[in-house]
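Reproduced below: protein_33.cif, with mmCIF, C-alpha atoms and all ligand atoms.
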```cif
data_run
loop_
_atom_site.label_atom_id
_atom_site.label_comp_id
_atom_site.auth_asym_id
_atom_site.auth_seq_id
_atom_site.Cartn_x
_atom_site.Cartn_y
_atom_site.Cartn_z
CA MET A 1123 -3.99 148.43 199.00
CA ARG A 1124 -2.47 151.43 200.66
CA THR A 1125 1.06 151.17 201.99
CA ALA A 1126 2.37 154.17 203.89
CA GLY A 1127 0.18 156.65 202.02
CA PHE A 1128 1.00 155.26 198.59
CA VAL A 1129 -1.95 154.71 196.26
CA SER A 1130 -1.66 152.28 193.37
CA ALA A 1131 -3.48 152.99 190.13
CA ARG A 1132 -5.17 149.59 190.40
CA SER A 1133 -6.73 150.36 193.78
CA LEU A 1134 -8.59 153.28 192.12
CA GLY A 1135 -9.71 151.21 189.13
CA LEU A 1136 -7.15 152.85 186.87
CA ALA A 1137 -4.29 151.46 184.82
CA GLY A 1138 -1.26 153.00 183.16
CA CYS A 1139 -1.06 151.87 179.52
CA GLU A 1140 2.07 149.71 179.19
CA ALA A 1141 2.76 151.04 175.70
CA CYS A 1142 2.14 154.79 175.88
CA GLY A 1143 1.82 155.52 179.61
CA LEU A 1144 -1.64 157.09 179.49
CA VAL A 1145 -3.61 156.63 182.73
CA VAL A 1146 -7.00 155.15 181.88
CA ARG A 1147 -10.06 154.10 183.86
CA LEU A 1148 -10.69 150.36 183.47
CA PRO A 1149 -14.26 149.17 182.78
CA ALA A 1150 -15.96 148.44 186.10
CA ALA A 1151 -17.37 145.11 184.91
CA GLY A 1152 -13.93 143.81 184.02
CA GLY A 1153 -13.24 142.43 180.57
CA VAL A 1154 -10.89 143.66 177.87
CA ASP A 1155 -10.41 147.27 177.08
CA HIS A 1156 -8.07 149.05 174.72
CA CYS A 1157 -6.09 152.19 175.33
CA PRO A 1158 -8.01 155.13 173.80
CA ARG A 1159 -4.76 156.76 172.69
CA CYS A 1160 -2.52 153.99 171.31
CA GLY A 1161 -4.99 151.11 170.90
CA GLU A 1162 -2.94 148.63 172.95
CA ARG A 1163 -4.74 146.18 175.24
CA LEU A 1164 -5.08 147.48 178.77
CA HIS A 1165 -4.60 145.42 181.88
CA SER A 1166 -3.73 146.51 185.38
CA ARG A 1167 -1.45 143.42 185.63
CA ARG A 1168 -0.16 141.35 182.71
CA PRO A 1169 -2.51 138.37 182.31
CA ALA A 1170 -1.15 135.03 183.61
CA SER A 1171 2.17 136.74 184.27
CA ILE A 1172 3.35 134.28 186.94
CA GLU A 1173 2.30 131.16 185.02
CA ARG A 1174 3.96 132.32 181.79
CA SER A 1175 7.16 133.32 183.55
CA TRP A 1176 7.39 129.94 185.29
CA ALA A 1177 6.70 128.01 182.08
CA LEU A 1178 9.35 129.94 180.14
CA ALA A 1179 11.90 129.77 182.99
CA ILE A 1180 11.51 125.99 183.24
CA THR A 1181 11.82 125.65 179.45
CA ALA A 1182 15.03 127.68 179.57
CA LEU A 1183 16.42 125.51 182.37
CA VAL A 1184 15.74 122.36 180.31
CA LEU A 1185 17.46 123.91 177.25
CA TYR A 1186 20.39 124.99 179.42
CA VAL A 1187 21.53 121.35 179.87
CA PRO A 1188 22.13 120.44 176.18
CA ALA A 1189 23.37 124.00 175.55
CA ASN A 1190 26.27 123.32 177.91
CA LEU A 1191 26.86 119.63 177.20
CA LEU A 1192 26.73 119.64 173.37
CA PRO A 1193 29.55 121.15 171.32
CA VAL A 1194 28.97 124.68 169.96
CA MET A 1195 31.61 124.31 167.25
CA THR A 1196 33.80 121.69 165.58
CA THR A 1197 37.20 122.57 164.11
CA ASN A 1198 38.20 120.32 161.20
CA THR A 1199 41.77 119.94 159.93
CA PRO A 1200 43.42 117.20 157.86
CA LEU A 1201 44.59 115.75 161.20
CA GLY A 1202 41.04 115.32 162.50
CA ALA A 1203 38.17 117.13 164.15
CA VAL A 1204 37.99 118.79 167.58
CA SER A 1205 34.65 119.73 169.15
CA ASP A 1206 34.26 122.41 171.82
CA THR A 1207 31.47 123.07 174.28
CA ILE A 1208 30.93 126.60 175.63
CA MET A 1209 33.06 125.80 178.69
CA GLN A 1210 35.89 124.34 176.59
CA GLY A 1211 35.79 127.50 174.47
CA VAL A 1212 36.26 129.59 177.62
CA VAL A 1213 39.21 127.43 178.73
CA GLU A 1214 40.85 127.74 175.32
CA LEU A 1215 40.45 131.51 175.38
CA TRP A 1216 42.31 131.61 178.72
CA SER A 1217 45.82 132.92 178.08
CA PRO A 1218 48.12 135.54 179.68
CA THR A 1219 46.75 138.19 177.32
CA SER A 1220 43.13 137.23 176.66
CA TRP A 1221 41.97 136.05 180.08
CA PRO A 1222 39.72 139.13 180.62
CA LEU A 1223 37.74 138.14 177.52
CA ALA A 1224 37.56 134.55 178.80
CA ILE A 1225 35.95 135.89 181.97
CA VAL A 1226 33.51 138.03 179.95
CA VAL A 1227 32.45 135.03 177.85
CA PHE A 1228 32.14 132.83 180.96
CA VAL A 1229 29.97 135.41 182.75
CA ALA A 1230 27.78 136.07 179.69
CA SER A 1231 27.32 132.42 178.70
CA VAL A 1232 27.26 130.49 181.97
CA THR A 1233 26.69 132.84 184.92
CA ILE A 1234 24.11 135.24 183.46
CA PRO A 1235 21.62 132.65 182.08
CA LEU A 1236 21.72 130.55 185.26
CA GLY A 1237 21.80 133.54 187.61
CA LYS A 1238 18.86 135.03 185.73
CA LEU A 1239 16.77 131.88 186.16
CA ILE A 1240 17.58 131.67 189.90
CA ALA A 1241 16.76 135.36 190.41
CA LEU A 1242 13.52 135.07 188.42
CA ALA A 1243 12.49 132.01 190.47
CA TYR A 1244 13.14 134.06 193.63
CA LEU A 1245 10.96 136.93 192.34
CA LEU A 1246 8.16 134.55 191.34
CA LEU A 1247 8.24 132.66 194.66
CA THR A 1248 8.20 135.83 196.79
CA VAL A 1249 5.30 137.24 194.73
CA GLN A 1250 3.37 133.97 195.06
CA ARG A 1251 3.94 133.96 198.84
CA GLY A 1252 2.65 137.54 198.97
CA SER A 1253 5.87 138.83 200.47
CA VAL A 1254 5.93 142.54 201.34
CA ARG A 1255 9.56 142.72 202.39
CA SER A 1256 12.50 144.27 200.49
CA ASN A 1257 10.26 145.43 197.65
CA GLY A 1258 12.81 148.04 196.60
CA GLN A 1259 15.56 145.45 196.31
CA ARG A 1260 13.33 143.07 194.40
CA VAL A 1261 12.33 145.68 191.81
CA ARG A 1262 16.01 146.61 191.37
CA LEU A 1263 16.79 142.91 190.81
CA TYR A 1264 14.07 142.83 188.12
CA ARG A 1265 15.58 145.88 186.37
CA LEU A 1266 19.03 144.26 186.51
CA LEU A 1267 17.64 141.09 184.87
CA LYS A 1268 16.05 143.13 182.08
CA PHE A 1269 19.30 145.00 181.50
CA ILE A 1270 21.86 142.16 181.47
CA GLY A 1271 19.85 139.37 179.86
CA ARG A 1272 20.64 140.36 176.26
CA TRP A 1273 24.39 140.04 176.84
CA SER A 1274 24.10 136.24 176.90
CA MET A 1275 23.83 136.46 173.10
CA LEU A 1276 27.60 137.04 173.10
CA ASP A 1277 28.59 133.42 172.53
CA VAL A 1278 26.13 133.06 169.64
CA PHE A 1279 27.89 135.94 167.85
CA VAL A 1280 31.34 134.55 168.68
CA ASP A 1281 30.46 131.17 167.16
CA THR A 1282 28.86 132.80 164.11
CA PHE A 1283 31.92 134.82 163.16
CA VAL A 1284 34.44 132.07 163.89
CA VAL A 1285 32.40 129.79 161.59
CA ALA A 1286 32.10 132.51 158.94
CA LEU A 1287 35.83 133.21 158.81
CA ILE A 1288 37.38 129.79 159.16
CA GLN A 1289 36.15 128.24 155.92
CA LEU A 1290 39.47 127.27 154.34
CA ARG A 1291 38.66 123.81 153.06
CA PRO A 1292 40.51 121.46 153.03
CA LEU A 1293 43.11 123.17 155.20
CA MET A 1294 40.87 124.06 158.11
CA TRP A 1295 37.19 124.74 158.57
CA VAL A 1296 34.81 125.25 161.49
CA GLU A 1297 31.25 123.94 161.70
CA PRO A 1298 28.64 125.02 164.26
CA GLY A 1299 27.49 122.32 166.70
CA ALA A 1300 24.00 121.55 168.00
CA GLY A 1301 24.89 123.24 171.30
CA VAL A 1302 24.65 126.68 169.73
CA ILE A 1303 21.01 126.06 168.74
CA PHE A 1304 20.07 125.14 172.31
CA PHE A 1305 22.13 128.02 173.67
CA ALA A 1306 20.37 130.54 171.40
CA GLY A 1307 17.11 129.02 172.68
CA VAL A 1308 18.18 129.61 176.30
CA VAL A 1309 18.94 133.28 175.59
CA VAL A 1310 15.65 133.99 173.80
CA VAL A 1311 13.47 132.05 176.25
CA THR A 1312 15.05 133.63 179.37
CA MET A 1313 14.49 137.08 177.84
CA LEU A 1314 10.84 136.22 177.18
CA ALA A 1315 10.51 134.83 180.74
CA VAL A 1316 11.67 138.11 182.29
CA ASN A 1317 9.45 140.09 179.89
CA SER A 1318 6.43 138.06 181.03
CA PHE A 1319 7.02 138.96 184.67
CA ASP A 1320 5.00 141.97 185.81
CA PRO A 1321 7.08 143.95 188.36
CA ARG A 1322 3.92 145.64 189.69
CA LEU A 1323 3.02 142.29 191.31
CA ILE A 1324 5.92 142.82 193.74
CA TRP A 1325 4.03 145.70 195.37
CA ASP A 1326 0.61 144.08 195.58
CA LEU A 1327 -0.51 143.05 199.05
CA PRO A 1328 -1.69 139.45 199.56
CA GLN A 1329 -5.39 140.35 199.88
CA GLN A 1330 -5.31 141.99 196.46
CA GLU A 1331 -4.44 138.61 194.95
CA ARG A 1332 -7.79 137.30 196.16
CA HIS A 1333 -9.98 140.24 195.17
CA GLY A 1334 -7.88 141.25 192.20
CA ASP A 1335 -9.11 141.33 188.63
CA GLY A 1336 -6.05 139.47 187.36
CA MET B 584 18.28 163.97 189.97
CA ALA B 585 14.99 165.50 191.00
CA HIS B 586 12.57 163.71 193.24
CA ALA B 587 9.13 162.89 191.98
CA GLY B 588 6.21 164.87 193.31
CA ARG B 589 4.09 163.85 196.24
CA PRO B 590 2.09 160.73 195.57
CA ALA B 591 -1.58 161.31 194.93
CA THR B 592 -3.33 160.80 198.23
CA THR B 593 -6.87 162.05 197.75
CA GLY B 594 -8.17 158.84 196.21
CA ALA B 595 -11.58 159.36 194.66
CA ALA B 596 -11.08 162.96 193.58
CA VAL B 597 -7.94 162.05 191.67
CA ALA B 598 -9.56 158.98 190.13
CA ASP B 599 -12.43 160.96 188.66
CA ALA B 600 -10.10 163.37 186.94
CA ALA B 601 -7.43 160.85 186.04
CA VAL B 602 -8.16 160.19 182.41
CA ALA B 603 -8.42 163.88 181.62
CA ASP B 604 -5.36 164.80 183.64
CA ARG B 605 -2.37 164.25 181.37
CA GLY B 606 0.05 165.01 184.25
CA LEU B 607 -0.86 161.81 186.10
CA VAL B 608 1.32 158.75 185.66
CA ALA B 609 1.15 155.22 186.99
CA CYS B 610 4.67 153.91 187.61
CA PRO B 611 5.38 151.04 185.18
CA ASP B 612 7.40 149.18 187.83
CA CYS B 613 5.20 149.56 190.92
CA ASP B 614 1.84 151.04 189.77
CA LEU B 615 2.10 154.04 192.11
CA LEU B 616 -0.23 156.79 190.92
CA GLN B 617 1.52 160.15 191.04
CA ARG B 618 1.73 163.53 189.40
CA LEU B 619 4.69 163.98 187.08
CA PRO B 620 6.71 166.84 188.57
CA LEU B 621 8.12 169.61 186.41
CA VAL B 622 11.81 168.79 186.42
CA PRO B 623 14.55 171.11 185.11
CA LEU B 624 16.21 170.43 181.79
CA ARG B 625 18.34 167.24 181.65
CA GLN B 626 16.88 165.98 184.92
CA THR B 627 14.96 162.79 185.47
CA ALA B 628 11.66 162.52 187.30
CA ARG B 629 11.67 159.32 189.34
CA CYS B 630 8.94 157.30 190.98
CA ALA B 631 8.42 158.41 194.58
CA ARG B 632 8.25 154.79 195.75
CA CYS B 633 10.55 152.61 193.61
CA ARG B 634 12.78 155.25 191.96
CA ALA B 635 11.98 154.03 188.44
CA PRO B 636 12.74 156.77 185.90
CA LEU B 637 9.37 158.14 184.76
CA TRP B 638 10.38 160.92 182.43
CA ARG B 639 13.53 162.81 181.50
CA HIS B 640 13.38 166.43 180.42
CA LYS B 641 15.36 166.39 177.18
CA PRO B 642 16.29 169.49 175.20
CA ASP B 643 15.18 169.63 171.52
CA SER B 644 14.35 165.94 171.64
CA LEU B 645 12.75 165.66 168.19
CA GLU B 646 15.34 167.67 166.24
CA ARG B 647 18.31 165.92 167.85
CA THR B 648 16.78 162.47 167.48
CA LEU B 649 16.19 163.17 163.79
CA ALA B 650 19.83 164.13 163.24
CA LEU B 651 21.14 161.11 165.16
CA ALA B 652 18.76 158.70 163.42
CA LEU B 653 19.80 159.97 159.98
CA ALA B 654 23.47 159.53 160.85
CA ALA B 655 22.79 156.05 162.26
CA ALA B 656 20.91 155.03 159.09
CA ILE B 657 23.90 155.97 156.93
CA LEU B 658 26.39 154.16 159.18
CA LEU B 659 24.24 151.01 159.31
CA LEU B 660 24.11 150.96 155.52
CA ILE B 661 27.89 151.29 155.22
CA ALA B 662 28.50 148.71 157.96
CA ASN B 663 26.55 146.11 156.02
CA VAL B 664 28.19 146.52 152.63
CA VAL B 665 31.89 146.83 153.46
CA PRO B 666 33.98 143.90 154.80
CA MET B 667 34.11 143.56 158.56
CA LEU B 668 36.78 140.97 159.20
CA GLY B 669 39.39 139.23 157.11
CA LEU B 670 42.05 136.65 157.67
CA SER B 671 45.02 135.38 155.78
CA VAL B 672 46.56 131.99 156.31
CA ALA B 673 49.07 130.13 154.14
CA GLY B 674 48.68 132.65 151.34
CA ARG B 675 44.87 132.47 151.33
CA GLU B 676 42.62 135.36 152.28
CA ALA B 677 38.98 135.35 153.37
CA PHE B 678 36.67 138.26 154.20
CA THR B 679 33.28 138.38 155.80
CA THR B 680 30.56 140.95 156.40
CA VAL B 681 27.84 140.83 159.07
CA VAL B 682 25.52 139.10 156.60
CA GLY B 683 28.41 136.78 155.66
CA GLY B 684 28.25 135.38 159.18
CA VAL B 685 24.52 134.77 158.79
CA VAL B 686 25.02 133.01 155.43
CA ALA B 687 27.76 130.77 156.88
CA MET B 688 25.56 129.67 159.80
CA TRP B 689 22.68 129.01 157.37
CA ARG B 690 24.82 126.89 155.05
CA GLU B 691 26.30 124.91 157.92
CA GLY B 692 22.87 123.74 159.04
CA THR B 693 21.98 126.06 161.94
CA GLN B 694 19.28 128.08 160.18
CA VAL B 695 17.49 129.05 163.41
CA VAL B 696 20.67 130.63 164.77
CA ALA B 697 21.33 132.31 161.41
CA MET B 698 17.90 133.97 161.50
CA LEU B 699 18.37 135.06 165.11
CA VAL B 700 21.74 136.65 164.28
CA LEU B 701 20.26 138.33 161.19
CA PHE B 702 17.42 139.73 163.28
CA ALA B 703 19.54 140.94 166.21
CA ALA B 704 22.43 142.35 164.16
CA VAL B 705 20.76 143.71 161.00
CA ILE B 706 16.94 143.71 160.93
CA ALA B 707 16.26 144.95 164.48
CA PRO B 708 18.77 147.84 164.31
CA ALA B 709 17.43 148.79 160.85
CA LEU B 710 13.81 148.73 162.09
CA GLN B 711 14.80 150.62 165.23
CA ILE B 712 16.32 153.41 163.17
CA ALA B 713 13.63 153.44 160.47
CA CYS B 714 10.71 153.49 162.92
CA LEU B 715 12.22 156.29 164.96
CA LEU B 716 13.11 158.29 161.86
CA LEU B 717 9.52 158.11 160.58
CA VAL B 718 8.06 158.87 164.02
CA VAL B 719 10.09 162.04 164.59
CA LEU B 720 9.33 163.21 161.05
CA ALA B 721 5.61 162.50 161.39
CA VAL B 722 5.11 164.18 164.77
CA ARG B 723 6.63 167.46 163.63
CA ARG B 724 3.16 168.58 162.55
CA PRO B 725 0.69 167.31 165.19
CA PRO B 726 -1.65 165.57 165.37
CA ALA B 727 0.24 162.78 163.61
CA PRO B 728 -1.89 160.08 161.95
CA HIS B 729 -2.53 156.94 163.94
CA TRP B 730 -0.18 154.66 161.97
CA VAL B 731 2.63 156.52 163.74
CA ALA B 732 1.47 154.79 166.95
CA THR B 733 2.11 151.41 165.30
CA LEU B 734 5.64 152.52 164.40
CA LEU B 735 6.26 153.70 167.95
CA HIS B 736 5.06 150.34 169.31
CA GLY B 737 7.42 148.66 166.84
CA TYR B 738 10.32 150.82 167.96
CA GLU B 739 9.82 149.94 171.62
CA PHE B 740 9.60 146.23 170.83
CA VAL B 741 12.60 146.07 168.56
CA ARG B 742 14.91 148.07 170.83
CA GLU B 743 15.51 145.16 173.19
CA TRP B 744 16.45 142.82 170.30
CA SER B 745 18.79 145.23 168.53
CA MET B 746 22.17 143.93 169.68
CA ILE B 747 24.92 145.66 167.72
CA GLU B 748 27.03 146.34 170.82
CA ILE B 749 26.90 142.68 171.83
CA MET B 750 27.74 141.56 168.28
CA LEU B 751 30.76 143.86 168.26
CA LEU B 752 32.06 142.31 171.49
CA GLY B 753 31.40 138.88 169.95
CA VAL B 754 33.44 139.84 166.88
CA LEU B 755 36.29 140.94 169.18
CA VAL B 756 36.29 137.59 170.98
CA ALA B 757 36.13 135.71 167.64
CA LEU B 758 39.04 137.81 166.41
CA ILE B 759 41.21 136.81 169.38
CA LYS B 760 40.25 133.14 169.02
CA ILE B 761 41.24 133.21 165.36
CA ALA B 762 44.43 135.22 165.92
CA GLU B 763 46.10 132.03 167.17
CA LEU B 764 45.45 130.29 163.87
CA ALA B 765 45.77 133.02 161.25
CA THR B 766 46.56 136.68 160.68
CA VAL B 767 43.41 138.71 161.26
CA ILE B 768 42.68 141.80 159.17
CA PRO B 769 40.17 144.20 160.77
CA GLY B 770 37.81 145.64 158.16
CA LEU B 771 36.26 149.11 157.81
CA ALA B 772 32.86 147.85 159.00
CA LEU B 773 34.36 147.12 162.42
CA PHE B 774 35.07 150.82 162.98
CA VAL B 775 31.75 151.91 161.48
CA LEU B 776 29.92 149.52 163.82
CA GLY B 777 31.90 150.86 166.76
CA SER B 778 30.67 154.39 166.02
CA LEU B 779 27.15 153.08 165.40
CA VAL B 780 27.00 151.65 168.94
CA PHE B 781 27.48 155.14 170.36
CA LEU B 782 25.07 156.74 167.87
CA LEU B 783 22.31 154.24 168.67
CA ALA B 784 22.77 154.79 172.40
CA ALA B 785 22.65 158.57 171.91
CA MET B 786 19.59 158.25 169.64
CA ALA B 787 17.66 156.22 172.22
CA ALA B 788 18.70 158.58 175.03
CA THR B 789 17.68 161.71 173.11
CA PHE B 790 14.25 160.50 172.08
CA ASP B 791 11.34 161.49 174.35
CA PRO B 792 8.54 158.94 173.81
CA ARG B 793 6.13 160.87 176.04
CA LEU B 794 6.43 163.92 173.82
CA ALA B 795 5.84 161.81 170.69
CA TRP B 796 2.79 160.07 172.16
CA GLU B 797 1.21 163.42 173.00
CA ARG B 798 1.41 164.41 169.34
CA ILE B 799 -0.21 161.29 167.92
CA GLU B 800 -3.89 161.10 167.00
CA TRP B 801 -5.93 158.97 169.40
CA ALA B 802 -7.03 155.47 168.44
CA ALA B 803 -10.49 156.22 169.83
CA GLY B 804 -10.53 159.41 167.74
CA SER B 805 -12.61 161.23 170.32
CA ASP B 806 -10.06 163.41 172.00
CA GLN B 807 -8.58 165.72 169.40
CA GLY B 808 -8.86 168.63 171.84
CA GLY B 809 -6.95 166.56 174.38
CA VAL B 810 -4.16 166.05 171.89
CA ALA B 811 -3.85 169.75 171.31
CA ARG B 812 -4.02 170.57 175.02
CA GLY B 813 -1.40 167.95 175.81
CA LEU B 814 1.21 169.65 173.65
CA ARG B 815 4.17 171.15 175.34
ZN ZN C 1401 -1.68 153.43 175.29
ZN ZN C 1402 7.42 153.02 191.04
#
```
Transcribe the structure of this file into structure tokens.
Ligand SMILES: [Zn+2]
Ligand SMILES: [Zn+2]
Amino acid sequence: MRTAGFVSARSLGLAGCEACGLVVRLPAAGGVDHCPRCGERLHSRRPASIERSWALAITALVLYVPANLLPVMTTNTPLGAVSDTIMQGVVELWSPTSWPLAIVVFVASVTIPLGKLIALAYLLLTVQRGSVRSNGQRVRLYRLLKFIGRWSMLDVFVDTFVVALIQLRPLMWVEPGAGVIFFAGVVVVTMLAVNSFDPRLIWDLPQQERHGDG
Amino acid sequence: MAHAGRPATTGAAVADAAVADRGLVACPDCDLLQRLPLVPLRQTARCARCRAPLWRHKPDSLERTLALALAAAILLLIANVVPMLGLSVAGREAFTTVVGGVVAMWREGTQVVAMLVLFAAVIAPALQIACLLLVVLAVRRPPAPHWVATLLHGYEFVREWSMIEIMLLGVLVALIKIAELATVIPGLALFVLGSLVFLLAAMAATFDPRLAWERIEWAAGSDQGGVARGLR
């Protein structure tokens, strides 16, 4: 419970309220208690944090497949219809002038969601193995995931405004594809997966897992 | 950047006083119990173990947040009524607003995505501004009634889902995609949204949630004296 003179609130039977930050003594018998200041439920670690994170991360991984294989938009002209997946959209954006944006869309739509899931799996596995190494790096990785995850929404906005503007029937019009629904799902579910992960678990020693109050 | 104070090392003694001692904090990222150091103005107190920012000493937090939130409310209103993007092709012109994008996605059969875009680009930013505006107004005369706590919870939740900056980048990418097919006309809302991104960032950075929480009436209702003592 004590690493190099550091004392965790949990080891003293206390918890910092996740909503307002007040330090509160938890009931000795366990059970649910509410923060006396803000009324939020108190827990020294988020309940079923690891299980929820895994379930949401796996859901996101499953959604990631159709999100990348199905078209996100279809362009209709009198000559016919062309459907684009996210990757085809990136390729089309690649030109001598707009290649930086193509990279931004590629990173936000393909790299970030997948990288986030791999990084979250790493955090969950190390916590489950009771690892005590590179705690500082792992908590920085968690903060990075929280910070960059929202940017994956980029492609959803791109598709929305291309669809909204190109409505010039019968000359040319764009329809959203099923891929964008799955992709939006990936973004929301990966954000929820990271939010379910409790970074305080990184610092808990293995024996606390056994005696802990969950 | 100031270092956090020494971690609390005298276990039991600290624990007994903890609830009454408003200077104690448990790090949200590593659970380290420590005393919040007095940091100079515009400096951040960081966790002694994991370096998580615990508190930033902000000057005139409530007054400045109020001014920024009022300005942001006005800009958000303008951004949603004036056209954002237009295009002209073969003598035809089309304009859209932020909500126009939502309506198009709804009509084309992707209602779930339409609702997500509406929430992230309009509802969440509006709630973020409205909640904060009411909170800073209500805590001017402490103790603020307990419904202010609900608004503050709402603000913290909605902040992560308010995505105006990401939407603006998305509009830029859409604009370049369309530029190959038609002449794009940037609308006034584009510039208003650009300023709003900076205002929202400044508003969030200026607000001191710790100060607001100290001025709100307790849910348990038992510690009115504590509220008064906790005031800075
Ligand atoms: Zn609380
Ligand atoms: Zn910490």
message: Contacts from chain B to chain A, 7 Å maximum, only C-alpha atoms: show me the residue list as a VMD selection string.
response: chain B and resid 590 to 592 594 598 601 to 602 607 to 609 611 to 616 633 677 to 679 683 to 684 687 to 688 691 693 696 732 736 749 to 750 753 to 754 756 to 757 760 796 801 to 803
query: Which one of B:Glu743, B:Thr733, B:Val780, B:Phe774 sits closest to ligand ZN 1401 (chain C) if you count only C-alpha atoms and all ligand atoms?
result: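 Closest to ligand ZN 1401 (chain C), using only C-alpha atoms and all ligand atoms: B:Thr733.
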query: Distance atom CA of B:Ile768-atom CA of B:Leu752, one decimal place?
result: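 Pair atom CA of B:Ile768 / atom CA of B:Leu752 returns 16.3 Å.
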- line: atom CA of B:Arg618 to atom CA of B:Gly606 measures 5.6 Å
field: Within 7 Å of B:Ser745 using only C-alpha atoms, minus same-chain residues under 5 positions, as an MDAnalysis selection string
entry: chainID B and resid 703:704 707:708
statement: Separating atom CA of B:Asn663 from atom CA of B:Val741, to the nearest tenth of an Å, is a gap of 18.8 Å
